[in-house]
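K.L.:
Here you go, one structure.
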Amino acid sequence: MNVTSIREQFPLIRAKPKLAYFDNAATSQKHESVIQAMDIFYRSQNAPVHRSVYKLAEGATEAYENVRNHVREFLNAKHREEIIFTAGTTASINTVVSGLAEGFRKGDRILLTDMEHHSMIVPWQAAAARKGLRMDFAPLTHDGRLDMPAFKTLLAKRPKFVGITHVSNVLGTVNPVRAIVRLAHRIGAVVLVDATQAAAHMPLDVRKLDCDFLVFSGHKVYGPNGVGVLYGKRELLKQLPPFIYGGHMIERVGREGAIYAEPPAKFEGGTPPVPEVVGLGAALTFLQKLGWKSIRKHEHKLTTYALTALQSVSGLILLGPTQTKGRAPIFSFALPGVHPHDGSALLDREGIAVRGGHHCTQILHESYTLSGSMRVSLGIYNTKEEIDRLVVALAKVRTKLYG
Amino acid sequence: MDRDIYQEEILEHYRHPRNFGAIKKPTYSSSAENPLCGDSIVLELRIKRNKVDDVGFTGSGCALSTASASLFTEWMRGKTLAQLRKAKPSQLFHLIEIPITPVRHQCVLLPLKSLQRALGP
């Protein structure tokens, strides 16, 4: 893979060649083809989808529905109706939680892990308060991996639901999702895999994983903001109550009530973000053309390089696994005496964009007794040279704050 | 050119914050959290004859929130309760002097949030 050529394909990276953009876990930059696809859609294809029968609208509907086929193939789902377009991961998770919780009873247990994002934790906390559910959090090992024996112990309490992130947005840990799904299914739990941080870095195969639900966002896979995916097994989606009520998600509406449409329409109430869906399709094409083999090779190299480089910074405390294996290119760390906000504000002066804070994982940071950390999350366009610059800049940060 | 938020005056307050630490027999105390980073500041006040007799803050924050708390607690000394209740965000921006970008307003305003909570509605 030629990184120079890749960098040329991202307009923002091309326009700001001196900026080391290290905030890809928050949002990635957009590939040229994504911006183009949306631009073309707005300029020459824009029309309402599904309902209007003139040619322009039929073209828009086709473009929209083609991406559904594309996502089905991207995730290796069995049926196209298993792919729901949402506003993003948060909307996807809320759809699942709200629907499942309706069928749960007081005392039912929910099993999450200490490395879940707030988007998994908070919807369940709200549902738990409403329905009297009990929540368990599986702890982590000292090197930031899921503590499997502890997880199994909690699984023995027979939770109705298991929510697990595929890749931690802070630690970079890749969880053994397939094994977790298998264990959870043995006790009859429904499993949701949060693939938000995995989708740009590794192939996803919902049939191989056998997960019940899987979610990710468009804007973290070099695609547009405001669009996400909810995959659900067909039978489960049929049973799951709708989340957003309104137009398009009905089969018939009368004064006495409404009959809901079948999935996917049932979960796509309102006018969908058609250009964003089209842009998402372009992003997936970009990833597939590049190929997982070369993406993984490049990111594997970057991961190994970054791990060594960061650990060479004196005093730096790396959260999460110290080895490349089972790790995505996401690195969070603390620098004693340097507040994450000061660190990231000062790195910005060196042309390095990193995130400082708790990254929507306060429970995780609490378990490290930290209020926040600095996070470097890499993407396909990042280079070793940028990591070298980071190491030099981190030393400067300390000098600036303490003289 | 923008003025440096990490100028020496700010960093000096960060390295050596004034009024840092708990005080004896506080009349009012409260904490506030910065949702941006999860930092929290605990502010304690002792009022004597309707005036701030002693003030202190604890907690760990970034350079901006620490410097802001340091400057703001200095300002608070000797002020009346009525004056404290009237304190506005502009007061803190005035004390810190340098222009602050919107995202980091919360850092500067954290001690004010603590004060408002301490005094109640």
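Labeling convention for the structure tokens: chains A, B, ... as they appear, residues from 1 per chain, ligands from 1 in order of appearance.
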Please find the residues of chain A near chain B - the criterion being any atom within 7 Å, counting only C-alpha atoms - and write them as a list in words.
P.N.:
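My answer is His339, His341, Asp342, Gly357, His358, Ser371, Gly372 and Leu401 of chain A.
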K.L.:
List the spatial neighbours of stretch 70-75 of chain B as a PyMOL selection string - criterion: any atom at most 9 Å away, only C-alpha atoms, same-chain residues fewer than 2 positions off excluded.
P.N.:
chain B and resi 13-14+16-20+43+55-57+65-68+77-79+91-92+95-96+111-112
K.L.:
With N, CA, C and O atoms retained, write the just-selected residues as a short mmCIF file (atom, residue, chain, number, x, y, z; two decimals), in the first residue's frame.
P.N.:
data_model
loop_
_atom_site.label_atom_id
_atom_site.label_comp_id
_atom_site.auth_asym_id
_atom_site.auth_seq_id
_atom_site.Cartn_x
_atom_site.Cartn_y
_atom_site.Cartn_z
N HIS B 13 0.22 30.22 37.87
CA HIS B 13 -0.93 29.88 38.73
C HIS B 13 -1.18 28.37 38.74
O HIS B 13 -1.66 27.84 39.73
N TYR B 14 -0.89 27.73 37.63
CA TYR B 14 -1.08 26.28 37.54
C TYR B 14 -0.07 25.55 38.43
O TYR B 14 -0.42 24.65 39.18
N HIS B 16 1.67 26.86 40.91
CA HIS B 16 1.55 27.28 42.31
C HIS B 16 0.19 27.93 42.54
O HIS B 16 0.10 29.14 42.71
N PRO B 17 -0.87 27.12 42.52
CA PRO B 17 -2.20 27.72 42.67
C PRO B 17 -2.38 28.37 44.05
O PRO B 17 -1.95 27.83 45.05
N ARG B 18 -3.04 29.54 44.04
CA ARG B 18 -3.37 30.20 45.31
C ARG B 18 -4.60 29.51 45.89
O ARG B 18 -5.47 29.05 45.16
N ASN B 19 -4.69 29.54 47.19
CA ASN B 19 -5.86 29.00 47.91
C ASN B 19 -6.13 27.53 47.63
O ASN B 19 -7.27 27.09 47.65
N PHE B 20 -5.08 26.80 47.32
CA PHE B 20 -5.29 25.38 47.05
C PHE B 20 -5.29 24.61 48.37
O PHE B 20 -4.40 24.79 49.19
N LEU B 43 -14.99 23.44 45.96
CA LEU B 43 -14.77 24.80 46.43
C LEU B 43 -15.31 24.90 47.86
O LEU B 43 -16.41 24.43 48.14
N VAL B 55 -11.21 30.92 51.75
CA VAL B 55 -11.69 30.19 50.58
C VAL B 55 -10.58 29.23 50.15
O VAL B 55 -9.39 29.55 50.28
N GLY B 56 -10.98 28.06 49.69
CA GLY B 56 -9.99 27.10 49.21
C GLY B 56 -10.61 26.18 48.17
O GLY B 56 -11.83 26.04 48.10
N PHE B 57 -9.76 25.60 47.35
CA PHE B 57 -10.28 24.63 46.39
C PHE B 57 -9.36 23.42 46.32
O PHE B 57 -8.16 23.52 46.58
N SER B 65 -8.28 25.39 34.12
CA SER B 65 -9.24 25.37 35.22
C SER B 65 -8.54 25.65 36.54
O SER B 65 -9.09 26.31 37.42
N THR B 66 -7.30 25.18 36.69
CA THR B 66 -6.56 25.43 37.92
C THR B 66 -6.23 26.91 38.05
O THR B 66 -6.45 27.52 39.10
N ALA B 67 -5.74 27.51 36.97
CA ALA B 67 -5.40 28.93 37.01
C ALA B 67 -6.66 29.76 37.25
O ALA B 67 -6.65 30.74 38.00
N SER B 68 -7.75 29.36 36.63
CA SER B 68 -9.00 30.07 36.79
C SER B 68 -9.46 30.00 38.25
O SER B 68 -9.86 31.01 38.83
N ARG B 77 -11.90 36.64 47.93
CA ARG B 77 -11.55 37.06 49.30
C ARG B 77 -12.11 38.44 49.61
O ARG B 77 -11.91 39.39 48.86
N GLY B 78 -12.82 38.53 50.74
CA GLY B 78 -13.33 39.82 51.20
C GLY B 78 -14.61 40.27 50.52
O GLY B 78 -15.21 41.28 50.89
N LYS B 79 -15.06 39.50 49.51
CA LYS B 79 -16.30 39.88 48.83
C LYS B 79 -17.51 39.49 49.69
O LYS B 79 -17.43 38.56 50.50
N GLN B 91 -16.77 37.67 34.46
CA GLN B 91 -15.85 37.94 35.56
C GLN B 91 -14.59 37.07 35.45
O GLN B 91 -13.47 37.54 35.59
N LEU B 92 -14.83 35.78 35.19
CA LEU B 92 -13.70 34.84 35.11
C LEU B 92 -12.87 35.06 33.86
O LEU B 92 -11.65 34.98 33.90
N LEU B 95 -10.71 37.94 34.56
CA LEU B 95 -9.58 37.60 35.44
C LEU B 95 -8.48 36.86 34.68
O LEU B 95 -7.30 37.09 34.89
N ILE B 96 -8.89 35.97 33.79
CA ILE B 96 -7.91 35.14 33.09
C ILE B 96 -7.25 35.92 31.94
O ILE B 96 -6.19 35.54 31.45
N PRO B 111 -14.78 26.71 38.25
CA PRO B 111 -14.90 27.23 39.63
C PRO B 111 -16.18 28.04 39.87
O PRO B 111 -16.72 28.01 40.97
N LEU B 112 -16.68 28.70 38.84
CA LEU B 112 -17.93 29.45 38.99
C LEU B 112 -19.10 28.48 39.21
O LEU B 112 -19.98 28.72 40.03
#
K.L.:
I need the residue nearest B:Leu45 from this list: B:Val103, B:Ile23, B:Ala69, B:Leu110. Use only C-alpha atoms for the distance.
P.N.:
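Checking each candidate against B:Leu45, we get B:Ile23 as the closest.
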K.L.:
Can you pull out every residue within 6 Å of stretch 271-283 of chain A, counting only C-alpha atoms, but drop anything in the same chain fewer than 5 positions away, and send it as a ChimeraX atom specification?
P.N.:
/A:34,37-38,67,218,222-224,227
K.L.:
Just to be explicit: take each residue in the selection above, keep C-alpha atoms, and write the result as a PDB file, in the first residue's frame.
P.N.:
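Final output, saved to selection01.pdb:
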ATOM      1  CA  VAL A  34     -17.363   9.727  -0.455  1.00  0.00           C
ATOM      2  CA  ALA A  37     -20.695  10.461  -4.361  1.00  0.00           C
ATOM      3  CA  MET A  38     -22.678  12.774  -2.096  1.00  0.00           C
ATOM      4  CA  VAL A  67     -26.133   0.398  -0.444  1.00  0.00           C
ATOM      5  CA  GLY A 218     -20.363   5.735   8.818  1.00  0.00           C
ATOM      6  CA  TYR A 222     -13.970   7.313   6.168  1.00  0.00           C
ATOM      7  CA  GLY A 223     -17.633   7.879   5.332  1.00  0.00           C
ATOM      8  CA  PRO A 224     -20.151  10.619   6.140  1.00  0.00           C
ATOM      9  CA  VAL A 227     -25.429   7.597   9.097  1.00  0.00           C
TER      10      VAL A 227
END
K.L.:
Nearest to A:Arg72: which of A:Ala26, A:Val338, A:Leu214, A:Ile363 is it, counting only C-alpha atoms?
P.N.:
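Under the stated criterion, the closest residue is A:Leu214.
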K.L.:
Among stretch 59-210 of chain A, which ones does DSSP assign to strand (DSSP E or B) (computed from the backbone)? Answer as a PyMOL selection string.
P.N.:
chain A and resi 83-86+109-113+134-138+140+146+161-165+167+173-174+190-194
K.L.:
Find, counting only C-alpha atoms, the residue in A:Thr86, A:Thr369, A:Thr27, A:Thr285 that gets nearest to A:Arg355.
P.N.:
A:Thr27
